[in-house]
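Engineer: Structure below; questions to follow.
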Amino acid sequence: MELTKNFEPTAIEAKWYKHWIDKGYFNSTPDEREPYTIVIPPPNVTGVLHMGHCLNNTIQDILIRRARMEGKNACWVPGTDHASIATEAKVVAMLRERGIKKSDLSRAEFLTYAWEWKEKYGGIILQQLKKLGCSLDWNRTAFTMDDDYYKAVIEIFIRLFNDGIIYRGLRMVNWDPASKTALSDEEVIFKEIDSKLYFVQYPLVDGGGAITVATTRPETILGDVAICVNPLDERYKNLVGKQVIVPIINRKIPVIADEYVTMDFGTGALKITPAHDKNDNELGRKHNLKALNTLDAEGKFTAEELMHENPNAQVLAYNGIDRFELRKLIVKDIEAIGQVQKIEEYKGQVGTSERTGAIIESRLSLQWFMDMKKFIALNPEVISSVATDEIKLHPAKLKNTYSHWMNNIKDWCISRQLWWGQQIPAWYDEEGRFVVAENEEKAKEIFNSQYSTSNVQLKQDEDCLDTWFSSWLWPMEVFKGISNSNNADANYYYPSTTLVTGQDIIFFWVARMIMAGYAFKKEMPFKDVYFTGMVRDTQGRKMSKQLGNSPDLLGLIDKYGADATRFGIMIASPAGNDLLFDESSLEQGRHFNNKLWNALKLIKNWELRIRNEEDTNLQSQLTTHHFALDWFENRLNEVQLEVDELIKQFKLSEALKVIYSLIWDDFCSWYLEWAKPGFEQPIEASVYEKTIKFFEELMQLLHPFMPFVTEEIYQLLKEQKEDLCIRQSIGNKQIAIDKNILTQGTILKQVITSIREARAKNQLKPKETIDLHIQTIDVENYKAIETILSKQVNAQTISFTNEAIANTIVVVVENDKFYIASEKEIDTASLKETLLKDLEHQRGFLVSVQKKLSNEKFVANAKPEVLAVEQKKQADAEARIKTIEESLSTM
RNA sequence: GGGAGUUUAGCUCAGUUGGUUUAGAGCAUCUGCCUUACAAGCAGAGGGUCACAGGUUCGACUCCUGUAACUCCCACCA
């Protein structure tokens with residue numbers, strides 16, 4: 001069979017993915033096996049695959065493929081999230097392009113467009129996951145707006161309302177003027193921006209001066225209802241209780257005192273605008289002040305609430321002006337009347353919308369909330385499960401973050417002024433009285449009995465629920481655990497095994513899933529949470545469209561192949577740390593593909609020896625190979641155990657490194673070189689079989705990380721009964737490891753390397769042969785590996801000696817000496833230098849060991865095994881020094 | 001302002017309850033090789049007073065304290 005020069009991924013990847021799908025390997029149904037369940041963090045239905053998804057899903061695929069090979073019933077559920085704000089924004093933008101305004105559409109019409117859009121673009125990201133090789137059970141693809149899912153969300157809302165946990169209230173909320181909706185606290189991102197601090201004078205009504213206030217938001221001045229100072233502030237003590245005049249609108253407002261105000265910030269006087277600031281609002285309520293709203297839903301000025309004051313023309317002229325424009329205008333107008341004392345540069349924190357980036361307004365608004373303190377009190381496992389590691393977070397440092405958030409939790413604003421999402425199941429009559437019910441009919445029934453009415457006309461709440469109020473049910477509802485509780489799937493797969501997600505959504509999603517799990521299923525939603533870091537560029541910057549540093553993932557897969565992409569992203573992704581993405585690691589992955597491919601080519605070119613008992617070569621070949629086979633088998637077992645352990649600890653990057661090195665160094669560089677037959681010589685059948693077996697096991701070990709190339713090679717190695725994808729590993733069977741043979745292997749490698757080094761230093765070309773004389777007390781040991789040794793250092797003869805050989809290069813390994821004889825002139829000077837350097841090092845080392853051993857306190861306090869190790873170190877060093885000195889003396 | 005974390009080779013990271021030959025790997029660098037699986041390769045090499053300063057200990061990369069730098073989370077001092 002002719003194999004291509006290099007591994008060519010594209011066609012091979014498509015072939016195997018289709019084959020696996022056709023065979024239904026990724027589909028799972030409950031059976032008697034132990035389940036291993038992962039639910040995908042549902043990407044936004046509008047999304048396309050980016051590096052974060054790539055990292056995240058590669059990790060999930062590694063875990064799920066490994067579980068599948070370990071004989072577990074592996075189930076990885078795909079799906080998408082309806083992402084109300086993001087999707088609605090995209091639909092609105094699409095409509096705008098078609099010349100349609102959202103405000104001209106009815107809710108039903110708008111939703112028709114939205115679904116149309118979802119059907120058209122919604123599947124893209126899932127298709128992209130297939131390219132990456134993700135072994136998801138596509139039959140289970142879920143969407144947070146599926147009918148059943150929708151019903152489940154509504155059911156939960158009603159349940160929590162009836163339990164008194166969900167309530168409706170007029171509160172200050174975070175308002176996003178771009179999407180015109182309220183947001184939860186978690187959706188507000190604080191950013192530092194350069195702004196200005198304006199010092200504005202408010203003249204006293206009685207005359208006799210003014211009080212100066214420092215503000216960053218002069219555009220809200222027209223809504224001011226008081227000036228507040230600290231009661232201890234000597235500067236203002238005599239002004240408390242007096243009245244000042246608000247510029248432009250000329251409203252008379254009182255000067256009040258409250259400890260809230262810090263004396264040493266600004267002027268120590270704070271203007272109170274209860275309609276536009278959370279703290280002002282609280283102060284306003286405390287001091288019985290009216291809230292005067294001057295900004296509308298889009299953040300534009302409105303004089304509506306000022307009309308009873310008969311505002312002047314100047315005020316009315318502000319109508320409809322955007323808040324930032326308004327700021328400049330008002331400052332200009334106050335400057336015109338000479339009441340701006342000064343303007344300072346100021347760095348301030350400002351809240352922005354996580355989705356739209358718009359600067360958040362605090363706004364008084366009637367919204368739906370969840371009483372989180374009450375909710376958690378009813379489900380205390382939410383906090384204890386993480387604290388006691390019943391649910392394990394990786395990395396564990398996030399436990400602190402989690403518990404801190406939980407213990408300081410605030411009420412969750414769950415209503416959004418959007419249409420794309422689960423519509424709030426509250427029904428109102430004309431007076432604003434309401435009931436909560438799953439449909440209109442039920443609502444009327446409840447309403448009539450609650451308010452003793454009949455024939456009432458009810459209207460459903462216009463708003464929909466926060467997307468996270470649906471995605472927090474994900475691990476249970478993908479198995480219909482709410483809409484059809486107690487079904488076979490939910491009982492079998494829930495709780496899921498592992499969740500893999502980004503640290504950035506620990507509060508948005510992970511914490512809330514844990515709440516939902518204990519509240520609605522009385523059980524944790526998952527046992528382990530593996531948090532990935534952020535994907536950044538080589539300079540540590542976040543990936544962003546603006547910076548243009550976000551690579552095109554599908555382009556990378558086309559260029560390097562999915563396996564190399566997976567390798568590249570995993571090898572550079574230390575557990576719990578951010579991943580600094582560098583394309584060169586994908587290149588390393590591609591090289592690794594080719595390395596595997598070439599090893600396959602080597603083996604496929606071997607010709608089997610026809611067995612002939614009289615063949616004397618055969619016997620010698622067998623003896624030689626015996627060591628290589630034995631050594632590699634043990635090495636393989638050792639690494640298998642090591643990888644097991646690493647994966648249990650979610651150290652996937654480490655595991656991959658270990659496998660990489662096992663294949664590249666131990667298998668290719670050492671084992672294959674030792675086992676391969678001489679030029680144009682056939683190979684002994686038993687060695688061939690064993691090598692194939694090793695290669696198969698290596699492919700199995702690597703398969704979860706690089707599924708395509710390993711499956712391809714596995715199939716090409718020999719006629720296979722089953723596919724690698726579902727090949728079962730030996731499992732937990734205790735593998736005994738012969739430490740002795742591993743040590744021997746290490747020494748052999750050391751001998752080879754040292755002799756090669758000596759050759760290189762003496763300018764012996766690889767082709768030039770040497771005669772090797774070994775001085776050792778373990779002649780038998782070396783006889784067993786004689787052939788390997790001679791091949792690896794290009795020695796034409798190997799002999800054993802009891803004394804130094806003149807005119808040779810001396811190499812010392814452990815306590816053995818190797819004399820390299822060649823026709824070339826020997827550079828004794830450099831040889832001597834090498835030996836002296838080694839001698840110096842050994843002596844230094846010996847001194848440090850002796851120092852330790854002559855320390856009475858050490859001998860008295862150290863554990864016996866530590867003492868023994870030190871004594872052995874001393875003996876070894878002494879022996880080595882003696883050997884080196886002997887060598888030097890013969891020169 | 002509060003809390004957490006990080007600091008080990010040019011870069012990215014390992015380093016298990018303090019003692020495994022006076023610290024390891026990959027990438028990068030340098031040297032020599034087109035050796036019949038692989039130059040996308042092979043064989044070698046160089047490179048670190050483990051951020052800094054103290055302390056505990058017979059012994060510290062490892063434990064404690066302080067300092068510095070960076071990162072993240074929480075918190076709307078206008």
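Residues in the structure tokens are named by chain (A, B, ... in the order shown) and by number from 1 within that chain; ligands are numbered from 1 in the order shown.
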Leaving out G5 (chain B) and any residue of its chain fewer than 4 positions from it, which residues lie within 12 Å of it when counting only C-alpha atoms (C1' of nucleotides), given as a list in words?
Structural biologist: Pro395, Ala396, Lys397, Leu398, Asn400, Thr401, Gly576 and Asn577 of chain A; C70, U71, C72 and C73 of chain B
Engineer: Deliver the residues from the most recent selection as a file, using N, CA, C and O atoms (P, O5', C5', C4', C3', O3' and C1' of nucleotides), as a PDB file, in the first residue's frame.
Structural biologist:
ATOM      1  N   PRO A 395     -10.369  25.544  38.662  1.00  0.00           N
ATOM      2  CA  PRO A 395      -9.510  25.503  39.835  1.00  0.00           C
ATOM      3  C   PRO A 395     -10.275  25.857  41.118  1.00  0.00           C
ATOM      4  O   PRO A 395     -11.218  26.640  41.079  1.00  0.00           O
ATOM      5  N   ALA A 396      -9.795  25.293  42.210  1.00  0.00           N
ATOM      6  CA  ALA A 396     -10.503  25.404  43.484  1.00  0.00           C
ATOM      7  C   ALA A 396     -10.543  26.825  44.022  1.00  0.00           C
ATOM      8  O   ALA A 396     -11.380  27.152  44.848  1.00  0.00           O
ATOM      9  N   LYS A 397      -9.648  27.679  43.532  1.00  0.00           N
ATOM     10  CA  LYS A 397      -9.626  29.048  44.059  1.00  0.00           C
ATOM     11  C   LYS A 397     -10.965  29.758  43.813  1.00  0.00           C
ATOM     12  O   LYS A 397     -11.301  30.729  44.482  1.00  0.00           O
ATOM     13  N   LEU A 398     -11.718  29.258  42.839  1.00  0.00           N
ATOM     14  CA  LEU A 398     -13.004  29.898  42.529  1.00  0.00           C
ATOM     15  C   LEU A 398     -14.060  29.636  43.602  1.00  0.00           C
ATOM     16  O   LEU A 398     -15.118  30.260  43.590  1.00  0.00           O
ATOM     17  N   ASN A 400     -13.868  30.494  46.640  1.00  0.00           N
ATOM     18  CA  ASN A 400     -13.975  31.759  47.383  1.00  0.00           C
ATOM     19  C   ASN A 400     -14.867  32.748  46.660  1.00  0.00           C
ATOM     20  O   ASN A 400     -15.738  33.367  47.257  1.00  0.00           O
ATOM     21  N   THR A 401     -14.578  32.898  45.386  1.00  0.00           N
ATOM     22  CA  THR A 401     -15.360  33.825  44.574  1.00  0.00           C
ATOM     23  C   THR A 401     -16.833  33.456  44.644  1.00  0.00           C
ATOM     24  O   THR A 401     -17.700  34.308  44.800  1.00  0.00           O
ATOM     25  N   GLY A 576      -6.643  25.950  34.379  1.00  0.00           N
ATOM     26  CA  GLY A 576      -6.981  27.073  35.236  1.00  0.00           C
ATOM     27  C   GLY A 576      -6.364  28.399  34.829  1.00  0.00           C
ATOM     28  O   GLY A 576      -6.606  29.408  35.452  1.00  0.00           O
ATOM     29  N   ASN A 577      -5.554  28.385  33.773  1.00  0.00           N
ATOM     30  CA  ASN A 577      -4.931  29.635  33.338  1.00  0.00           C
ATOM     31  C   ASN A 577      -5.522  30.110  32.025  1.00  0.00           C
ATOM     32  O   ASN A 577      -6.145  29.338  31.309  1.00  0.00           O
TER      33      ASN A 577
ATOM     34  P     C B  70       1.962  47.355  37.814  1.00  0.00           P
ATOM     35  O5'   C B  70       1.338  46.007  37.258  1.00  0.00           O
ATOM     36  C5'   C B  70       1.742  45.502  35.976  1.00  0.00           C
ATOM     37  C4'   C B  70       1.364  44.054  35.847  1.00  0.00           C
ATOM     38  C3'   C B  70      -0.119  43.745  35.923  1.00  0.00           C
ATOM     39  O3'   C B  70      -0.792  44.014  34.709  1.00  0.00           O
ATOM     40  C1'   C B  70       1.051  42.211  37.283  1.00  0.00           C
ATOM     41  P     U B  71      -2.317  44.475  34.748  1.00  0.00           P
ATOM     42  O5'   U B  71      -3.083  43.111  35.020  1.00  0.00           O
ATOM     43  C5'   U B  71      -2.929  42.005  34.128  1.00  0.00           C
ATOM     44  C4'   U B  71      -3.621  40.794  34.683  1.00  0.00           C
ATOM     45  C3'   U B  71      -5.057  41.006  35.131  1.00  0.00           C
ATOM     46  O3'   U B  71      -5.961  40.999  34.040  1.00  0.00           O
ATOM     47  C1'   U B  71      -3.900  39.773  36.779  1.00  0.00           C
ATOM     48  P     C B  72      -7.306  41.852  34.157  1.00  0.00           P
ATOM     49  O5'   C B  72      -8.199  40.938  35.096  1.00  0.00           O
ATOM     50  C5'   C B  72      -8.596  39.642  34.670  1.00  0.00           C
ATOM     51  C4'   C B  72      -9.156  38.865  35.834  1.00  0.00           C
ATOM     52  C3'   C B  72     -10.363  39.485  36.522  1.00  0.00           C
ATOM     53  O3'   C B  72     -11.553  39.238  35.809  1.00  0.00           O
ATOM     54  C1'   C B  72      -8.828  38.757  38.163  1.00  0.00           C
ATOM     55  P     C B  73     -12.753  40.283  35.944  1.00  0.00           P
ATOM     56  O5'   C B  73     -13.354  39.920  37.376  1.00  0.00           O
ATOM     57  C5'   C B  73     -13.942  38.651  37.616  1.00  0.00           C
ATOM     58  C4'   C B  73     -14.231  38.499  39.085  1.00  0.00           C
ATOM     59  C3'   C B  73     -15.129  39.564  39.688  1.00  0.00           C
ATOM     60  O3'   C B  73     -16.492  39.322  39.421  1.00  0.00           O
ATOM     61  C1'   C B  73     -13.283  39.229  41.103  1.00  0.00           C
TER      62        C B  73
END
Engineer: Taking only residues of chain B that have an atom at most 12 Å from an atom of chain A, what is each one's shortest atom pair and its distance in Å to one decimal, using only C-alpha atoms (C1' of nucleotides), in chain and number order, as CSV?
Structural biologist:
residue,atom,partner,partner_atom,distance
B:G2,C1',A:His404,CA,11.4
B:G3,C1',A:Thr401,CA,8.6
B:A4,C1',A:Asn400,CA,7.5
B:G5,C1',A:Lys397,CA,7.9
B:U6,C1',A:Asn577,CA,10.1
B:C11,C1',A:Thr538,CA,9.3
B:U12,C1',A:Ala572,CA,7.0
B:C13,C1',A:Pro574,CA,7.0
B:A14,C1',A:Glu654,CA,8.0
B:U16,C1',A:Leu646,CA,11.6
B:G18,C1',A:Ala862,CA,11.4
B:G19,C1',A:Val866,CA,6.2
B:U20,C1',A:Val869,CA,8.4
B:U21,C1',A:Lys873,CA,6.2
B:U22,C1',A:Phe845,CA,6.5
B:A25,C1',A:Lys657,CA,8.3
B:G26,C1',A:Lys657,CA,8.0
B:C27,C1',A:Ser585,CA,8.0
B:A28,C1',A:Ser584,CA,10.8
B:U31,C1',A:Ala760,CA,9.4
B:G32,C1',A:Ala760,CA,7.4
B:C33,C1',A:Pro766,CA,7.5
B:U35,C1',A:Pro766,CA,7.6
B:U36,C1',A:Phe679,CA,7.1
B:A37,C1',A:Leu602,CA,4.1
B:C38,C1',A:Asn598,CA,5.3
B:A40,C1',A:His591,CA,5.1
B:G41,C1',A:Lys595,CA,9.0
B:C42,C1',A:Ser669,CA,9.0
B:A43,C1',A:Arg756,CA,7.5
B:G44,C1',A:Glu757,CA,5.9
B:A45,C1',A:Glu757,CA,9.0
B:U57,C1',A:Phe858,CA,10.4
B:C58,C1',A:Phe858,CA,4.1
B:G59,C1',A:Phe858,CA,7.6
B:C70,C1',A:Gly540,CA,11.7
B:U71,C1',A:Asp578,CA,10.3
B:C72,C1',A:Gln503,CA,10.1
B:C73,C1',A:Thr401,CA,6.8
B:C74,C1',A:Trp405,CA,7.7
B:A75,C1',A:Phe190,CA,10.5
B:C76,C1',A:Val350,CA,7.3
B:C77,C1',A:Phe265,CA,6.7
B:A78,C1',A:Thr215,CA,5.6
Engineer: Quote the spacing between CA of Asn794 (chain A) and CA of Ile770 (chain A) in Å to one decimal place.
Structural biologist: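 According to the coordinates, CA of Asn794 (chain A) and CA of Ile770 (chain A) are separated by 6.6 Å.
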Engineer: Need to verify the contact set: Ala291 (chain A), 9 Å, only C-alpha atoms (C1' of nucleotides), exclusion of same-chain residues closer than 5 positions in sequence. Can you return it as a list in words?
Structural biologist: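 Here the qualifying residues turn out to be Gly223, Asp224, Val225, Thr273, Pro274, Ala275, His276, Asn281, Gly284, Arg285 and Leu364 of chain A.
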Engineer: How would the residues just chosen look if you wrote them out with N, CA and C atoms as a PDB file, in the first residue's frame?
Structural biologist:
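Ended up saving to again-v8.pdb:
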ATOM      1  N   GLY A 223     -33.199  67.490  37.460  1.00  0.00           N
ATOM      2  CA  GLY A 223     -33.964  66.584  38.318  1.00  0.00           C
ATOM      3  C   GLY A 223     -33.531  66.667  39.773  1.00  0.00           C
ATOM      4  N   ASP A 224     -32.683  67.627  40.111  1.00  0.00           N
ATOM      5  CA  ASP A 224     -32.200  67.748  41.490  1.00  0.00           C
ATOM      6  C   ASP A 224     -33.334  68.131  42.439  1.00  0.00           C
ATOM      7  N   VAL A 225     -33.344  67.495  43.606  1.00  0.00           N
ATOM      8  CA  VAL A 225     -34.383  67.837  44.582  1.00  0.00           C
ATOM      9  C   VAL A 225     -33.799  68.248  45.927  1.00  0.00           C
ATOM     10  N   THR A 273     -30.380  63.465  43.033  1.00  0.00           N
ATOM     11  CA  THR A 273     -31.250  63.282  41.877  1.00  0.00           C
ATOM     12  C   THR A 273     -31.866  61.886  41.982  1.00  0.00           C
ATOM     13  N   PRO A 274     -32.911  61.721  42.733  1.00  0.00           N
ATOM     14  CA  PRO A 274     -33.394  60.383  43.056  1.00  0.00           C
ATOM     15  C   PRO A 274     -33.831  59.558  41.844  1.00  0.00           C
ATOM     16  N   ALA A 275     -34.144  60.219  40.747  1.00  0.00           N
ATOM     17  CA  ALA A 275     -34.616  59.461  39.591  1.00  0.00           C
ATOM     18  C   ALA A 275     -33.475  58.851  38.788  1.00  0.00           C
ATOM     19  N   HIS A 276     -32.237  59.297  39.037  1.00  0.00           N
ATOM     20  CA  HIS A 276     -31.166  58.865  38.141  1.00  0.00           C
ATOM     21  C   HIS A 276     -29.937  58.308  38.831  1.00  0.00           C
ATOM     22  N   ASN A 281     -31.389  57.784  45.142  1.00  0.00           N
ATOM     23  CA  ASN A 281     -32.745  57.306  45.322  1.00  0.00           C
ATOM     24  C   ASN A 281     -32.987  56.877  46.755  1.00  0.00           C
ATOM     25  N   GLY A 284     -33.153  59.853  48.835  1.00  0.00           N
ATOM     26  CA  GLY A 284     -34.425  60.520  48.562  1.00  0.00           C
ATOM     27  C   GLY A 284     -35.558  59.904  49.371  1.00  0.00           C
ATOM     28  N   ARG A 285     -35.552  58.572  49.396  1.00  0.00           N
ATOM     29  CA  ARG A 285     -36.622  57.906  50.138  1.00  0.00           C
ATOM     30  C   ARG A 285     -36.493  58.165  51.625  1.00  0.00           C
ATOM     31  N   LEU A 364     -35.787  54.311  37.601  1.00  0.00           N
ATOM     32  CA  LEU A 364     -36.848  53.793  38.445  1.00  0.00           C
ATOM     33  C   LEU A 364     -37.833  53.068  37.544  1.00  0.00           C
TER      34      LEU A 364
END
Engineer: Which residues, written as a ChimeraX atom specification, have at least one atom at most 10 Å from region 237-240 of chain A, with only C-alpha atoms (C1' of nucleotides) counted and residues fewer than 4 positions away on the same chain left out?
Structural biologist: /A:204,210-211,227-233,244,254-257
Engineer: Given the selection you just returned, output its residues as a file containing all heavy atoms, formatted as a short mmCIF file (atom, residue, chain, number, x, y, z; two decimals), in the first residue's frame.
Structural biologist:
data_model
loop_
_atom_site.label_atom_id
_atom_site.label_comp_id
_atom_site.auth_asym_id
_atom_site.auth_seq_id
_atom_site.Cartn_x
_atom_site.Cartn_y
_atom_site.Cartn_z
N LEU A 204 -27.87 80.60 47.12
CA LEU A 204 -28.79 80.51 48.25
C LEU A 204 -30.00 81.40 47.97
O LEU A 204 -29.88 82.49 47.40
CB LEU A 204 -28.09 80.98 49.53
CG LEU A 204 -27.08 79.96 50.10
CD1 LEU A 204 -26.06 80.66 50.97
CD2 LEU A 204 -27.82 78.89 50.88
N ALA A 210 -23.37 81.11 47.61
CA ALA A 210 -23.87 79.92 46.92
C ALA A 210 -23.18 78.69 47.52
O ALA A 210 -22.18 78.81 48.22
CB ALA A 210 -23.57 80.00 45.43
N ILE A 211 -23.72 77.53 47.22
CA ILE A 211 -23.08 76.29 47.62
C ILE A 211 -22.60 75.61 46.35
O ILE A 211 -23.32 75.59 45.35
CB ILE A 211 -24.07 75.45 48.45
CG1 ILE A 211 -23.36 74.31 49.16
CG2 ILE A 211 -25.18 74.90 47.60
CD1 ILE A 211 -24.24 73.73 50.28
N ILE A 227 -29.71 69.30 48.08
CA ILE A 227 -28.26 69.25 48.20
C ILE A 227 -27.98 68.61 49.55
O ILE A 227 -28.61 68.96 50.55
CB ILE A 227 -27.63 70.67 48.19
CG1 ILE A 227 -27.97 71.41 46.89
CG2 ILE A 227 -26.11 70.60 48.39
CD1 ILE A 227 -27.37 70.83 45.63
N CYS A 228 -27.05 67.66 49.54
CA CYS A 228 -26.80 66.93 50.78
C CYS A 228 -25.36 67.13 51.23
O CYS A 228 -24.43 67.07 50.43
CB CYS A 228 -27.10 65.45 50.55
SG CYS A 228 -27.15 64.52 52.08
N VAL A 229 -25.20 67.40 52.53
CA VAL A 229 -23.85 67.54 53.10
C VAL A 229 -23.74 66.64 54.31
O VAL A 229 -24.75 66.16 54.83
CB VAL A 229 -23.56 69.00 53.51
CG1 VAL A 229 -23.57 69.92 52.31
CG2 VAL A 229 -24.55 69.45 54.57
N ASN A 230 -22.51 66.44 54.75
CA ASN A 230 -22.32 65.64 55.95
C ASN A 230 -22.66 66.49 57.18
O ASN A 230 -22.23 67.63 57.28
CB ASN A 230 -20.87 65.16 56.03
CG ASN A 230 -20.71 64.07 57.06
OD1 ASN A 230 -20.87 64.31 58.25
ND2 ASN A 230 -20.39 62.88 56.59
N PRO A 231 -23.42 65.93 58.13
CA PRO A 231 -23.83 66.74 59.30
C PRO A 231 -22.64 67.24 60.12
O PRO A 231 -22.75 68.21 60.87
CB PRO A 231 -24.68 65.76 60.12
CG PRO A 231 -24.40 64.40 59.57
CD PRO A 231 -23.99 64.59 58.15
N LEU A 232 -21.48 66.59 60.00
CA LEU A 232 -20.32 67.01 60.78
C LEU A 232 -19.47 68.06 60.06
O LEU A 232 -18.48 68.54 60.60
CB LEU A 232 -19.44 65.78 61.08
CG LEU A 232 -20.12 64.66 61.85
CD1 LEU A 232 -19.20 63.46 61.95
CD2 LEU A 232 -20.56 65.15 63.22
N ASP A 233 -19.86 68.37 58.84
CA ASP A 233 -19.03 69.26 58.02
C ASP A 233 -19.21 70.71 58.47
O ASP A 233 -20.27 71.30 58.27
CB ASP A 233 -19.41 69.09 56.55
CG ASP A 233 -18.33 69.63 55.63
OD1 ASP A 233 -17.65 70.61 56.02
OD2 ASP A 233 -18.16 69.06 54.53
N VAL A 244 -31.59 76.40 48.29
CA VAL A 244 -30.76 76.90 47.19
C VAL A 244 -31.57 76.79 45.90
O VAL A 244 -32.62 76.14 45.85
CB VAL A 244 -29.44 76.11 47.06
CG1 VAL A 244 -28.57 76.32 48.28
CG2 VAL A 244 -29.73 74.64 46.82
N PRO A 254 -33.99 72.13 49.20
CA PRO A 254 -33.39 72.28 50.52
C PRO A 254 -31.95 71.75 50.58
O PRO A 254 -31.56 70.91 49.78
CB PRO A 254 -34.29 71.43 51.41
CG PRO A 254 -34.80 70.36 50.48
CD PRO A 254 -34.92 70.99 49.13
N VAL A 255 -31.22 72.23 51.54
CA VAL A 255 -29.92 71.65 51.87
C VAL A 255 -30.17 70.70 53.04
O VAL A 255 -30.71 71.11 54.06
CB VAL A 255 -28.89 72.72 52.26
CG1 VAL A 255 -27.56 72.07 52.67
CG2 VAL A 255 -28.68 73.70 51.12
N ILE A 256 -29.85 69.45 52.86
CA ILE A 256 -30.08 68.48 53.92
C ILE A 256 -28.76 67.87 54.36
O ILE A 256 -27.73 68.06 53.70
CB ILE A 256 -31.06 67.36 53.47
CG1 ILE A 256 -30.47 66.62 52.27
CG2 ILE A 256 -32.43 67.94 53.13
CD1 ILE A 256 -31.22 65.37 51.89
N ALA A 257 -28.80 67.12 55.45
CA ALA A 257 -27.57 66.53 55.97
C ALA A 257 -27.72 65.02 56.10
O ALA A 257 -28.79 64.53 56.50
CB ALA A 257 -27.22 67.13 57.33
#
Engineer: So that I can check the surroundings of U67 (chain B), please list as a list of chain:residue names every protein, DNA and RNA residue that reaches within 12 Å of it, counting only C-alpha atoms (C1' of nucleotides) and ignoring chain neighbours fewer than 5 positions away.
Structural biologist: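 Result of the neighbour search: B:A51, B:C52, B:A53, B:G54.
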Engineer: For Thr141 (chain A), please output as a ChimeraX atom specification all residues within 10 Å (counting only C-alpha atoms (C1' of nucleotides); exclusion window: fewer than 2 positions along the same chain).
Structural biologist: /A:40,76-80,126,136-139,143,478
Engineer: Would you mind reading off the distance between CA of Pro525 (chain A) and CA of Glu381 (chain A), one decimal, in Å?
Structural biologist: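 Between CA of Pro525 (chain A) and CA of Glu381 (chain A) the gap is 11.8 Å.
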Engineer: Do you have the CA of Leu888 (chain A)-C1' of G47 (chain B) distance handy?
Structural biologist: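 Taking CA of Leu888 (chain A) as the start and C1' of G47 (chain B) as the end point, the length is 28.6 Å.
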Engineer: What are the DSSP alpha helix (DSSP H) residues of region 422-515 of chain A, as JSON, numbers by chain?
Structural biologist: {"A": [440, 441, 442, 443, 444, 445, 446, 447, 448, 449, 450, 451, 468, 469, 470, 471, 474, 475, 476, 477, 488, 489, 490, 491, 492, 493, 512, 513, 514, 515]}
Engineer: List the spatial neighbours of region 61-63 of chain B as a VMD selection string - criterion: any atom at most 12 Å away, only C-alpha atoms (C1' of nucleotides), same-chain residues fewer than 5 positions off excluded.
Structural biologist: chain B and resid 7 to 8 15 to 19 23 48 50 55 to 56
